[in-house]
Amino acid sequence: MEIPAFELQLPFESGVEPPMIGEEPAWWFVFQDSNLVLERIDERRVRPLFQRQDPRPDSAAPEAAHFLGRLDGIPCYAADLKGGLPDTTWIARGLFVLHHRMDADLFLLAGRAFQVLEWDRKHRYCGRCGTPTERATTQRARICPNCEFTQFPRLTPAMMVLVRRGRQLLLAHAPRYPDGFYSVLAGFTEPGETLEACVRREVREEVGLDVTNIRYFASQSWPFPHSLMVAYIADWAGGEICIDDDEITHADWFDPDNLPYVPGEMSIAGHLIRWFVEEHR
C-alpha cells in the first residue's frame, strides 16, 4: 500500500513579500473566525475565493493580508474577515468538514493559511516586554520594536503510533471520541525529548505497554490548530493493557478483519490503520 505524502502535488513556491494586489487573479484563503470563506462550485464541491482584489470590506486596514506564496504560479493570500459575509453567495465552513469537498492542494494550503493567521492573532504583543509587535517584511515573523524579540509561527510536534502484536493492532478510545470510535495512540513531545522517546513514554503512560522496533511511517501537517503529526509503527515488547483512566477510556487488541469505527482518509491515523490491514489481508 502506498504511503501518502500529505503534501502539495502542484508546484508551490513559498513567499513572504507579496506582489501588488489586484494585478493578477489570486487564491484568497479568508477566514471568519475559524471558518474558511468559500464559493460553491456545485452542490457538493467548494473552493476558496478566486479573484483579483482583496475580498474583505476592510482591505484598507493597516494589517495587510499575508502572502503565502504561489501555487502553480498563482498568488495565494491568507486574511481574516471581520463581521459578516459581504457576499450572500459565499459560505463559511470549518476545515474539518471540507476534506474531499475541495481540491487536495487547496485544502492543504487552507491549513497553512489558518496556521499563519492563528499565529499572527496570538502574537500581536511581545512575550518578553509586552510591546505591540510589528510584522517583518522579509520573513514570516513578528518583531518587537522595543526589545527586538522575534516570534516565528508556532509548530507543535506530536507523535502517533500503531502498535502491533502479530496480526493484531492496538486501538484505543479517548473521552473526546464519539461512541464506538477508536484510533491509534498519540501524544505531544516534551522539552528535551525525541519523537521515539515520546512514543515509548506515551504508550507506557496510556496503556502500560512496552514497545520496540520503532520505525517512521509518514508525517502530516495538522492545522487544528498548529501541529505536525509524525506517525510511527512499533512492535509490542511486553506488558498487559492497563489504561490510565484519564486520556484513555478503553483499549484493546483488534484483528484487521474485525475493526471498530476508525479514522478516515483525512487523518494519517486512518492511513496507518489501512496500511496494517493491507499488510495482513
# chains A, B, ... in the order shown; residues from 1 in each chain; ligands from 1

$ select_by_dssp --residues "region 109-269 of chain A" --states "helix (DSSP H, G or I)" --output "VMD selection string"
chain A and resid 109 to 122 195 to 207 268 to 269

$ write_last_selection --atoms "N, CA and C atoms" --output "JSON list (two decimals), in the first residue's frame"
[["chain", "number", "residue", "atom", "x", "y", "z"],
["A", 109, "LEU", "N", -3.35, 24.04, 1.45],
["A", 109, "LEU", "CA", -2.98, 25.45, 1.58],
["A", 109, "LEU", "C", -3.91, 26.18, 2.55],
["A", 110, "ALA", "N", -5.17, 25.78, 2.60],
["A", 110, "ALA", "CA", -6.08, 26.37, 3.58],
["A", 110, "ALA", "C", -5.59, 26.09, 5.00],
["A", 111, "GLY", "N", -5.07, 24.89, 5.23],
["A", 111, "GLY", "CA", -4.50, 24.57, 6.54],
["A", 111, "GLY", "C", -3.29, 25.43, 6.84],
["A", 112, "ARG", "N", -2.45, 25.65, 5.85],
["A", 112, "ARG", "CA", -1.29, 26.53, 6.04],
["A", 112, "ARG", "C", -1.74, 27.95, 6.36],
["A", 113, "ALA", "N", -2.73, 28.44, 5.62],
["A", 113, "ALA", "CA", -3.24, 29.79, 5.84],
["A", 113, "ALA", "C", -3.81, 29.95, 7.25],
["A", 114, "PHE", "N", -4.57, 28.95, 7.71],
["A", 114, "PHE", "CA", -5.16, 29.02, 9.04],
["A", 114, "PHE", "C", -4.08, 29.09, 10.11],
["A", 115, "GLN", "N", -3.01, 28.31, 9.96],
["A", 115, "GLN", "CA", -1.95, 28.32, 10.96],
["A", 115, "GLN", "C", -1.22, 29.66, 11.00],
["A", 116, "VAL", "N", -1.01, 30.26, 9.83],
["A", 116, "VAL", "CA", -0.35, 31.57, 9.78],
["A", 116, "VAL", "C", -1.23, 32.62, 10.47],
["A", 117, "LEU", "N", -2.52, 32.60, 10.20],
["A", 117, "LEU", "CA", -3.43, 33.58, 10.81],
["A", 117, "LEU", "C", -3.56, 33.35, 12.31],
["A", 118, "GLU", "N", -3.63, 32.09, 12.72],
["A", 118, "GLU", "CA", -3.74, 31.78, 14.15],
["A", 118, "GLU", "C", -2.52, 32.28, 14.90],
["A", 119, "TRP", "N", -1.34, 32.07, 14.32],
["A", 119, "TRP", "CA", -0.11, 32.57, 14.93],
["A", 119, "TRP", "C", -0.11, 34.10, 14.98],
["A", 120, "ASP", "N", -0.52, 34.74, 13.91],
["A", 120, "ASP", "CA", -0.49, 36.20, 13.83],
["A", 120, "ASP", "C", -1.44, 36.82, 14.86],
["A", 121, "ARG", "N", -2.61, 36.21, 15.05],
["A", 121, "ARG", "CA", -3.58, 36.74, 16.01],
["A", 121, "ARG", "C", -3.03, 36.70, 17.44],
["A", 122, "LYS", "N", -2.27, 35.65, 17.76],
["A", 122, "LYS", "CA", -1.87, 35.40, 19.14],
["A", 122, "LYS", "C", -0.50, 35.95, 19.50],
["A", 195, "LEU", "N", 11.21, 12.15, 19.32],
["A", 195, "LEU", "CA", 9.92, 11.58, 18.97],
["A", 195, "LEU", "C", 9.84, 10.10, 19.34],
["A", 196, "GLU", "N", 10.96, 9.39, 19.18],
["A", 196, "GLU", "CA", 10.98, 7.98, 19.54],
["A", 196, "GLU", "C", 10.82, 7.78, 21.04],
["A", 197, "ALA", "N", 11.45, 8.65, 21.83],
["A", 197, "ALA", "CA", 11.27, 8.58, 23.28],
["A", 197, "ALA", "C", 9.84, 8.90, 23.65],
["A", 198, "CYS", "N", 9.23, 9.83, 22.92],
["A", 198, "CYS", "CA", 7.82, 10.17, 23.16],
["A", 198, "CYS", "C", 6.93, 8.97, 22.89],
["A", 199, "VAL", "N", 7.23, 8.21, 21.83],
["A", 199, "VAL", "CA", 6.46, 7.01, 21.53],
["A", 199, "VAL", "C", 6.50, 6.05, 22.71],
["A", 200, "ARG", "N", 7.69, 5.76, 23.21],
["A", 200, "ARG", "CA", 7.83, 4.81, 24.32],
["A", 200, "ARG", "C", 7.09, 5.32, 25.57],
["A", 201, "ARG", "N", 7.27, 6.61, 25.88],
["A", 201, "ARG", "CA", 6.65, 7.17, 27.08],
["A", 201, "ARG", "C", 5.13, 7.17, 27.00],
["A", 202, "GLU", "N", 4.58, 7.63, 25.88],
["A", 202, "GLU", "CA", 3.13, 7.74, 25.76],
["A", 202, "GLU", "C", 2.46, 6.37, 25.79],
["A", 203, "VAL", "N", 3.06, 5.38, 25.13],
["A", 203, "VAL", "CA", 2.47, 4.05, 25.14],
["A", 203, "VAL", "C", 2.48, 3.49, 26.56],
["A", 204, "ARG", "N", 3.59, 3.69, 27.26],
["A", 204, "ARG", "CA", 3.68, 3.19, 28.64],
["A", 204, "ARG", "C", 2.69, 3.92, 29.55],
["A", 205, "GLU", "N", 2.58, 5.25, 29.40],
["A", 205, "GLU", "CA", 1.68, 6.02, 30.26],
["A", 205, "GLU", "C", 0.21, 5.72, 29.98],
["A", 206, "GLU", "N", -0.14, 5.59, 28.71],
["A", 206, "GLU", "CA", -1.56, 5.49, 28.35],
["A", 206, "GLU", "C", -2.12, 4.08, 28.47],
["A", 207, "VAL", "N", -1.30, 3.06, 28.14],
["A", 207, "VAL", "CA", -1.82, 1.69, 28.17],
["A", 207, "VAL", "C", -0.92, 0.71, 28.90],
["A", 268, "ILE", "N", -3.77, 10.94, 9.15],
["A", 268, "ILE", "CA", -2.70, 9.97, 8.98],
["A", 268, "ILE", "C", -2.94, 8.73, 9.85],
["A", 269, "ALA", "N", -3.71, 8.87, 10.92],
["A", 269, "ALA", "CA", -4.06, 7.72, 11.74],
["A", 269, "ALA", "C", -4.84, 6.70, 10.92]]

$ select_by_dssp --residues "region 49-271 of chain A" --states "strand (DSSP E)" --output "MDAnalysis selection string"
chainID A and resid 49:51 66:71 74:80 91:94 134:135 142:143 150:151 156:165 168:173 185:188 210:222 227:238 250:254

$ atom_distance --atom1 "CA of Pro223 (chain A)" --atom2 "CA of Glu265 (chain A)"
15.6 Å

$ atom_distance --atom1 "CA of Thr156 (chain A)" --atom2 "CA of Ser227 (chain A)"
4.5 Å

$ residues_around --residues "Phe6 (chain A)" --least-positions-apart "2" --cutoff "10 Å" --atoms "only C-alpha atoms" --output "PyMOL selection string"
chain A and resi 3-4+8-9+104-105+108+218-222+266-268

$ residues_around --residues "Arg101 (chain A)" --least-positions-apart "6" --cutoff "7 Å" --atoms "only C-alpha atoms" --output "PyMOL selection string"
chain A and resi 44-46

$ write_last_selection --atoms "all heavy atoms" --output "mmCIF file, in the first residue's frame"
data_model
loop_
_atom_site.group_PDB
_atom_site.id
_atom_site.type_symbol
_atom_site.label_atom_id
_atom_site.label_comp_id
_atom_site.auth_asym_id
_atom_site.auth_seq_id
_atom_site.Cartn_x
_atom_site.Cartn_y
_atom_site.Cartn_z
ATOM 1 N N ARG A 44 -21.945 19.905 -4.099
ATOM 2 C CA ARG A 44 -21.031 19.295 -3.131
ATOM 3 C C ARG A 44 -19.683 19.989 -3.052
ATOM 4 O O ARG A 44 -19.116 20.151 -1.979
ATOM 5 C CB ARG A 44 -20.821 17.820 -3.475
ATOM 6 C CG ARG A 44 -19.950 17.074 -2.466
ATOM 7 C CD ARG A 44 -19.880 15.595 -2.774
ATOM 8 N NE ARG A 44 -19.040 14.908 -1.801
ATOM 9 C CZ ARG A 44 -17.714 14.810 -1.875
ATOM 10 N NH1 ARG A 44 -17.079 15.356 -2.901
ATOM 11 N NH2 ARG A 44 -17.021 14.170 -0.945
ATOM 12 N N ARG A 45 -19.141 20.400 -4.189
ATOM 13 C CA ARG A 45 -17.796 20.938 -4.251
ATOM 14 C C ARG A 45 -17.770 22.431 -3.956
ATOM 15 O O ARG A 45 -18.667 23.188 -4.358
ATOM 16 C CB ARG A 45 -17.184 20.695 -5.629
ATOM 17 C CG ARG A 45 -17.157 19.253 -6.057
ATOM 18 C CD ARG A 45 -16.108 18.468 -5.316
ATOM 19 N NE ARG A 45 -14.763 18.906 -5.669
ATOM 20 C CZ ARG A 45 -13.659 18.458 -5.079
ATOM 21 N NH1 ARG A 45 -13.738 17.590 -4.093
ATOM 22 N NH2 ARG A 45 -12.469 18.880 -5.465
ATOM 23 N N VAL A 46 -16.705 22.848 -3.250
ATOM 24 C CA VAL A 46 -16.496 24.263 -2.936
ATOM 25 C C VAL A 46 -15.041 24.613 -3.216
ATOM 26 O O VAL A 46 -14.204 23.728 -3.419
ATOM 27 C CB VAL A 46 -16.847 24.572 -1.463
ATOM 28 C CG1 VAL A 46 -18.323 24.391 -1.190
ATOM 29 C CG2 VAL A 46 -16.000 23.702 -0.517
#

$ residues_around --residues "Arg70 (chain A)" --least-positions-apart "2" --cutoff "9 Å" --atoms "only C-alpha atoms" --output "MDAnalysis selection string"
chainID A and resid 11:15 26 67:68 72:76

$ write_last_selection --atoms "all heavy atoms" --output "compact mmCIF listing (two decimals), in the first residue's frame"
# COMPACT_ATOMS: atom_id res chain seq x y z
N PRO A 11 3.20 22.46 -8.11
CA PRO A 11 4.37 23.21 -7.63
C PRO A 11 3.95 24.42 -6.80
O PRO A 11 3.11 25.21 -7.22
CB PRO A 11 5.07 23.63 -8.93
CG PRO A 11 4.03 23.53 -10.00
CD PRO A 11 3.11 22.43 -9.58
N PHE A 12 4.54 24.53 -5.62
CA PHE A 12 4.25 25.66 -4.73
C PHE A 12 5.55 26.31 -4.32
O PHE A 12 6.48 25.64 -3.87
CB PHE A 12 3.50 25.19 -3.48
CG PHE A 12 3.22 26.30 -2.50
CD1 PHE A 12 2.25 27.25 -2.75
CD2 PHE A 12 3.96 26.41 -1.32
CE1 PHE A 12 2.00 28.28 -1.85
CE2 PHE A 12 3.72 27.42 -0.43
CZ PHE A 12 2.73 28.37 -0.69
N GLU A 13 5.62 27.63 -4.49
CA GLU A 13 6.78 28.41 -4.09
C GLU A 13 6.39 29.30 -2.92
O GLU A 13 5.61 30.24 -3.08
CB GLU A 13 7.28 29.26 -5.26
CG GLU A 13 8.53 30.07 -4.93
CD GLU A 13 8.99 30.92 -6.09
OE1 GLU A 13 8.40 30.82 -7.19
OE2 GLU A 13 9.95 31.70 -5.90
N SER A 14 6.89 28.98 -1.74
CA SER A 14 6.56 29.75 -0.55
C SER A 14 7.16 31.15 -0.67
O SER A 14 8.22 31.35 -1.27
CB SER A 14 7.10 29.05 0.69
OG SER A 14 6.80 29.77 1.85
N GLY A 15 6.46 32.14 -0.10
CA GLY A 15 6.94 33.51 -0.15
C GLY A 15 6.38 34.35 0.97
O GLY A 15 5.39 33.98 1.61
N ALA A 26 -5.92 35.73 -7.87
CA ALA A 26 -5.24 35.10 -6.74
C ALA A 26 -6.21 34.23 -5.96
O ALA A 26 -7.42 34.45 -5.99
CB ALA A 26 -4.63 36.16 -5.83
N PHE A 67 0.81 37.13 2.46
CA PHE A 67 1.14 36.44 1.22
C PHE A 67 1.77 35.11 1.57
O PHE A 67 2.75 35.03 2.33
CB PHE A 67 2.13 37.29 0.40
CG PHE A 67 2.58 36.65 -0.88
CD1 PHE A 67 1.67 36.33 -1.88
CD2 PHE A 67 3.92 36.36 -1.09
CE1 PHE A 67 2.08 35.74 -3.06
CE2 PHE A 67 4.35 35.77 -2.27
CZ PHE A 67 3.43 35.46 -3.26
N LEU A 68 1.22 34.01 1.04
CA LEU A 68 1.70 32.66 1.35
C LEU A 68 2.72 32.17 0.33
O LEU A 68 3.62 31.40 0.67
CB LEU A 68 0.53 31.68 1.39
CG LEU A 68 -0.59 31.97 2.39
CD1 LEU A 68 -1.72 30.97 2.20
CD2 LEU A 68 -0.06 31.94 3.81
N ASP A 72 1.29 26.81 -8.37
CA ASP A 72 1.30 26.68 -9.83
C ASP A 72 1.30 28.06 -10.50
O ASP A 72 0.62 28.30 -11.50
CB ASP A 72 0.08 25.88 -10.28
CG ASP A 72 0.29 25.22 -11.64
OD1 ASP A 72 1.46 25.08 -12.06
OD2 ASP A 72 -0.71 24.87 -12.29
N GLY A 73 2.05 29.00 -9.90
CA GLY A 73 2.20 30.34 -10.44
C GLY A 73 1.16 31.34 -9.98
O GLY A 73 1.29 32.54 -10.26
N ILE A 74 0.12 30.90 -9.27
CA ILE A 74 -0.97 31.79 -8.85
C ILE A 74 -0.72 32.27 -7.42
O ILE A 74 -0.50 31.46 -6.52
CB ILE A 74 -2.33 31.06 -8.92
CG1 ILE A 74 -2.60 30.60 -10.35
CG2 ILE A 74 -3.45 31.96 -8.42
CD1 ILE A 74 -3.84 29.75 -10.49
N PRO A 75 -0.75 33.60 -7.18
CA PRO A 75 -0.54 34.11 -5.82
C PRO A 75 -1.60 33.59 -4.85
O PRO A 75 -2.76 33.39 -5.22
CB PRO A 75 -0.66 35.64 -5.99
CG PRO A 75 -0.48 35.88 -7.44
CD PRO A 75 -0.99 34.67 -8.15
N CYS A 76 -1.20 33.37 -3.60
CA CYS A 76 -2.09 32.88 -2.56
C CYS A 76 -1.97 33.79 -1.34
O CYS A 76 -0.86 34.10 -0.91
CB CYS A 76 -1.75 31.45 -2.18
SG CYS A 76 -1.78 30.27 -3.54

$ residues_around --residues "Ile273 (chain A)" --least-positions-apart "5" --cutoff "12 Å" --atoms "only C-alpha atoms" --output "PyMOL selection string"
chain A and resi 1+3+160-164+168-171+182-185+217+231-233+254-257+259-265+267-268+278-280

$ write_last_selection --atoms "N, CA and C atoms" --output "mmCIF file, in the first residue's frame"
data_model
loop_
_atom_site.group_PDB
_atom_site.id
_atom_site.type_symbol
_atom_site.label_atom_id
_atom_site.label_comp_id
_atom_site.auth_asym_id
_atom_site.auth_seq_id
_atom_site.Cartn_x
_atom_site.Cartn_y
_atom_site.Cartn_z
ATOM 1 N N MET A 1 0.843 -1.196 0.000
ATOM 2 C CA MET A 1 0.000 0.000 0.000
ATOM 3 C C MET A 1 0.877 1.243 0.000
ATOM 4 N N ILE A 3 2.227 4.765 0.829
ATOM 5 C CA ILE A 3 2.115 5.655 1.981
ATOM 6 C C ILE A 3 1.884 7.081 1.488
ATOM 7 N N MET A 160 2.211 9.842 16.701
ATOM 8 C CA MET A 160 1.181 8.817 16.844
ATOM 9 C C MET A 160 1.821 7.496 16.445
ATOM 10 N N VAL A 161 1.315 6.409 17.019
ATOM 11 C CA VAL A 161 1.975 5.129 16.808
ATOM 12 C C VAL A 161 0.963 3.998 16.690
ATOM 13 N N LEU A 162 1.181 3.173 15.690
ATOM 14 C CA LEU A 162 0.431 1.926 15.556
ATOM 15 C C LEU A 162 1.267 0.827 16.199
ATOM 16 N N VAL A 163 0.765 0.290 17.296
ATOM 17 C CA VAL A 163 1.442 -0.806 18.000
ATOM 18 C C VAL A 163 0.828 -2.121 17.515
ATOM 19 N N ARG A 164 1.691 -3.021 17.084
ATOM 20 C CA ARG A 164 1.193 -4.289 16.565
ATOM 21 C C ARG A 164 1.755 -5.465 17.373
ATOM 22 N N GLN A 168 -2.431 -8.572 15.194
ATOM 23 C CA GLN A 168 -3.332 -7.668 15.903
ATOM 24 C C GLN A 168 -2.702 -6.289 16.030
ATOM 25 N N LEU A 169 -3.557 -5.273 16.089
ATOM 26 C CA LEU A 169 -3.095 -3.909 16.326
ATOM 27 C C LEU A 169 -3.823 -3.336 17.531
ATOM 28 N N LEU A 170 -3.150 -2.426 18.211
ATOM 29 C CA LEU A 170 -3.703 -1.802 19.408
ATOM 30 C C LEU A 170 -4.479 -0.550 19.025
ATOM 31 N N LEU A 171 -5.722 -0.449 19.455
ATOM 32 C CA LEU A 171 -6.541 0.731 19.247
ATOM 33 C C LEU A 171 -7.149 1.155 20.577
ATOM 34 N N TYR A 182 -12.452 4.357 17.605
ATOM 35 C CA TYR A 182 -11.139 4.010 18.137
ATOM 36 C C TYR A 182 -10.048 4.507 17.191
ATOM 37 N N SER A 183 -8.876 4.763 17.744
ATOM 38 C CA SER A 183 -7.757 5.193 16.919
ATOM 39 C C SER A 183 -6.451 4.692 17.530
ATOM 40 N N VAL A 184 -5.350 4.976 16.853
ATOM 41 C CA VAL A 184 -4.023 4.640 17.386
ATOM 42 C C VAL A 184 -3.668 5.639 18.487
ATOM 43 N N LEU A 185 -2.630 5.348 19.234
ATOM 44 C CA LEU A 185 -2.208 6.230 20.321
ATOM 45 C C LEU A 185 -1.470 7.445 19.770
ATOM 46 N N PHE A 217 6.851 6.177 9.795
ATOM 47 C CA PHE A 217 5.852 5.850 8.768
ATOM 48 C C PHE A 217 5.653 7.016 7.806
ATOM 49 N N ALA A 231 4.056 9.991 12.373
ATOM 50 C CA ALA A 231 3.496 8.669 12.635
ATOM 51 C C ALA A 231 4.578 7.595 12.623
ATOM 52 N N TYR A 232 4.419 6.632 13.535
ATOM 53 C CA TYR A 232 5.369 5.531 13.675
ATOM 54 C C TYR A 232 4.636 4.191 13.740
ATOM 55 N N ILE A 233 5.398 3.148 13.467
ATOM 56 C CA ILE A 233 4.961 1.766 13.690
ATOM 57 C C ILE A 233 5.880 1.179 14.751
ATOM 58 N N PHE A 254 -7.034 -5.630 18.276
ATOM 59 C CA PHE A 254 -8.054 -5.910 17.265
ATOM 60 C C PHE A 254 -7.433 -6.653 16.087
ATOM 61 N N ASP A 255 -8.220 -7.559 15.501
ATOM 62 C CA ASP A 255 -7.826 -8.224 14.268
ATOM 63 C C ASP A 255 -8.139 -7.314 13.087
ATOM 64 N N PRO A 256 -7.361 -7.385 12.004
ATOM 65 C CA PRO A 256 -7.589 -6.490 10.866
ATOM 66 C C PRO A 256 -8.926 -6.698 10.167
ATOM 67 N N ASP A 257 -9.544 -7.873 10.338
ATOM 68 C CA ASP A 257 -10.837 -8.119 9.701
ATOM 69 C C ASP A 257 -12.005 -7.891 10.650
ATOM 70 N N LEU A 259 -12.472 -4.649 12.778
ATOM 71 C CA LEU A 259 -12.117 -3.363 13.363
ATOM 72 C C LEU A 259 -13.356 -2.578 13.790
ATOM 73 N N PRO A 260 -13.211 -1.725 14.801
ATOM 74 C CA PRO A 260 -14.298 -0.803 15.164
ATOM 75 C C PRO A 260 -14.319 0.380 14.199
ATOM 76 N N TYR A 261 -15.082 1.379 14.512
ATOM 77 C CA TYR A 261 -15.128 2.625 13.750
ATOM 78 C C TYR A 261 -13.790 3.347 13.940
ATOM 79 N N VAL A 262 -13.066 3.606 12.833
ATOM 80 C CA VAL A 262 -11.717 4.186 12.905
ATOM 81 C C VAL A 262 -11.627 5.429 12.028
ATOM 82 N N PRO A 263 -10.536 6.218 12.151
ATOM 83 C CA PRO A 263 -10.403 7.453 11.368
ATOM 84 C C PRO A 263 -10.430 7.197 9.865
ATOM 85 N N GLY A 264 -10.853 8.230 9.112
ATOM 86 C CA GLY A 264 -10.944 8.143 7.663
ATOM 87 C C GLY A 264 -9.677 8.625 6.983
ATOM 88 N N GLU A 265 -9.808 8.968 5.697
ATOM 89 C CA GLU A 265 -8.651 9.308 4.877
ATOM 90 C C GLU A 265 -8.042 10.662 5.219
ATOM 91 N N SER A 267 -7.061 11.789 8.038
ATOM 92 C CA SER A 267 -6.060 11.700 9.095
ATOM 93 C C SER A 267 -5.011 10.655 8.768
ATOM 94 N N ILE A 268 -3.769 10.944 9.146
ATOM 95 C CA ILE A 268 -2.700 9.969 8.976
ATOM 96 C C ILE A 268 -2.935 8.734 9.850
ATOM 97 N N GLU A 278 -3.930 -3.781 4.984
ATOM 98 C CA GLU A 278 -3.434 -4.254 3.697
ATOM 99 C C GLU A 278 -2.259 -5.226 3.862
ATOM 100 N N GLU A 279 -1.421 -4.967 4.842
ATOM 101 C CA GLU A 279 -0.273 -5.840 5.085
ATOM 102 C C GLU A 279 -0.711 -7.239 5.524
ATOM 103 N N HIS A 280 -1.887 -7.351 6.130
ATOM 104 C CA HIS A 280 -2.333 -8.639 6.663
ATOM 105 C C HIS A 280 -3.556 -9.179 5.930
#

$ closest_residue --among "A:Ile91, A:Ile143, A:Leu85, A:Val16" --to "Gly69 (chain A)" --atoms "only C-alpha atoms"
A:Val16

$ closest_residue --among "A:Pro153, A:Gly239, A:Gly94, A:Gly180" --to "Arg165 (chain A)" --atoms "only C-alpha atoms"
A:Gly239

$ atom_distance --atom1 "CA of Ala158 (chain A)" --atom2 "CA of Met229 (chain A)"
5.0 Å

$ residues_around --residues "Trp90 (chain A)" --least-positions-apart "3" --cutoff "7 Å" --atoms "only C-alpha atoms" --output "PyMOL selection string"
chain A and resi 37-39+85+87

$ write_last_selection --atoms "all heavy atoms" --output "mmCIF file, in the first residue's frame"
data_model
loop_
_atom_site.group_PDB
_atom_site.id
_atom_site.type_symbol
_atom_site.label_atom_id
_atom_site.label_comp_id
_atom_site.auth_asym_id
_atom_site.auth_seq_id
_atom_site.Cartn_x
_atom_site.Cartn_y
_atom_site.Cartn_z
ATOM 1 N N VAL A 37 -13.968 31.026 4.236
ATOM 2 C CA VAL A 37 -14.974 31.600 3.351
ATOM 3 C C VAL A 37 -14.821 30.956 1.970
ATOM 4 O O VAL A 37 -13.719 30.891 1.415
ATOM 5 C CB VAL A 37 -14.828 33.122 3.254
ATOM 6 C CG1 VAL A 37 -15.862 33.705 2.294
ATOM 7 C CG2 VAL A 37 -14.978 33.748 4.644
ATOM 8 N N LEU A 38 -15.946 30.496 1.414
ATOM 9 C CA LEU A 38 -15.914 29.656 0.219
ATOM 10 C C LEU A 38 -16.930 30.090 -0.834
ATOM 11 O O LEU A 38 -17.947 30.718 -0.524
ATOM 12 C CB LEU A 38 -16.222 28.202 0.600
ATOM 13 C CG LEU A 38 -15.293 27.551 1.626
ATOM 14 C CD1 LEU A 38 -16.014 26.423 2.342
ATOM 15 C CD2 LEU A 38 -14.034 27.041 0.950
ATOM 16 N N GLU A 39 -16.634 29.708 -2.069
ATOM 17 C CA GLU A 39 -17.578 29.802 -3.168
ATOM 18 C C GLU A 39 -18.031 28.384 -3.522
ATOM 19 O O GLU A 39 -17.244 27.448 -3.482
ATOM 20 C CB GLU A 39 -16.923 30.428 -4.396
ATOM 21 C CG GLU A 39 -16.434 31.848 -4.196
ATOM 22 C CD GLU A 39 -15.671 32.354 -5.400
ATOM 23 O OE1 GLU A 39 -14.875 31.580 -5.972
ATOM 24 O OE2 GLU A 39 -15.870 33.528 -5.767
ATOM 25 N N LEU A 85 -20.445 37.971 6.217
ATOM 26 C CA LEU A 85 -20.001 37.753 4.847
ATOM 27 C C LEU A 85 -20.513 38.868 3.951
ATOM 28 O O LEU A 85 -21.721 39.133 3.921
ATOM 29 C CB LEU A 85 -20.503 36.401 4.339
ATOM 30 C CG LEU A 85 -20.030 35.159 5.101
ATOM 31 C CD1 LEU A 85 -20.651 33.897 4.503
ATOM 32 C CD2 LEU A 85 -18.521 35.057 5.083
ATOM 33 N N ASP A 87 -20.731 38.953 0.732
ATOM 34 C CA ASP A 87 -21.398 38.441 -0.460
ATOM 35 C C ASP A 87 -22.340 37.327 -0.029
ATOM 36 O O ASP A 87 -21.924 36.347 0.598
ATOM 37 C CB ASP A 87 -20.359 37.915 -1.457
ATOM 38 C CG ASP A 87 -20.954 37.580 -2.813
ATOM 39 O OD1 ASP A 87 -22.027 36.931 -2.844
ATOM 40 O OD2 ASP A 87 -20.359 37.954 -3.844
#

$ decode --residues "region 228-250 of chain A" --atoms "C-alpha atoms" --output "PDB file, in the first residue's frame"
ATOM      1  CA  LEU A 228       2.954  18.381  12.976  1.00  0.00           C
ATOM      2  CA  MET A 229       1.884  14.756  13.334  1.00  0.00           C
ATOM      3  CA  VAL A 230       4.727  12.244  12.962  1.00  0.00           C
ATOM      4  CA  ALA A 231       3.496   8.669  12.635  1.00  0.00           C
ATOM      5  CA  TYR A 232       5.369   5.531  13.675  1.00  0.00           C
ATOM      6  CA  ILE A 233       4.961   1.766  13.690  1.00  0.00           C
ATOM      7  CA  ALA A 234       6.137  -0.198  16.726  1.00  0.00           C
ATOM      8  CA  ASP A 235       6.049  -3.789  17.951  1.00  0.00           C
ATOM      9  CA  TRP A 236       4.682  -4.884  21.310  1.00  0.00           C
ATOM     10  CA  ALA A 237       7.572  -5.840  23.614  1.00  0.00           C
ATOM     11  CA  GLY A 238       5.735  -6.776  26.791  1.00  0.00           C
ATOM     12  CA  GLY A 239       3.120  -5.925  29.379  1.00  0.00           C
ATOM     13  CA  GLU A 240      -0.653  -6.151  29.697  1.00  0.00           C
ATOM     14  CA  ILE A 241      -3.046  -3.347  28.794  1.00  0.00           C
ATOM     15  CA  CYS A 242      -3.617  -1.056  31.763  1.00  0.00           C
ATOM     16  CA  ILE A 243      -5.271   2.227  30.756  1.00  0.00           C
ATOM     17  CA  ASP A 244      -4.576   5.488  32.565  1.00  0.00           C
ATOM     18  CA  ASP A 245      -8.325   6.288  33.077  1.00  0.00           C
ATOM     19  CA  ASP A 246      -7.637   9.926  32.147  1.00  0.00           C
ATOM     20  CA  GLU A 247      -6.732  10.156  28.460  1.00  0.00           C
ATOM     21  CA  ILE A 248      -7.939   6.641  27.565  1.00  0.00           C
ATOM     22  CA  THR A 249     -11.277   5.039  28.475  1.00  0.00           C
ATOM     23  CA  HIS A 250     -10.726   1.696  26.742  1.00  0.00           C
TER      24      HIS A 250
END
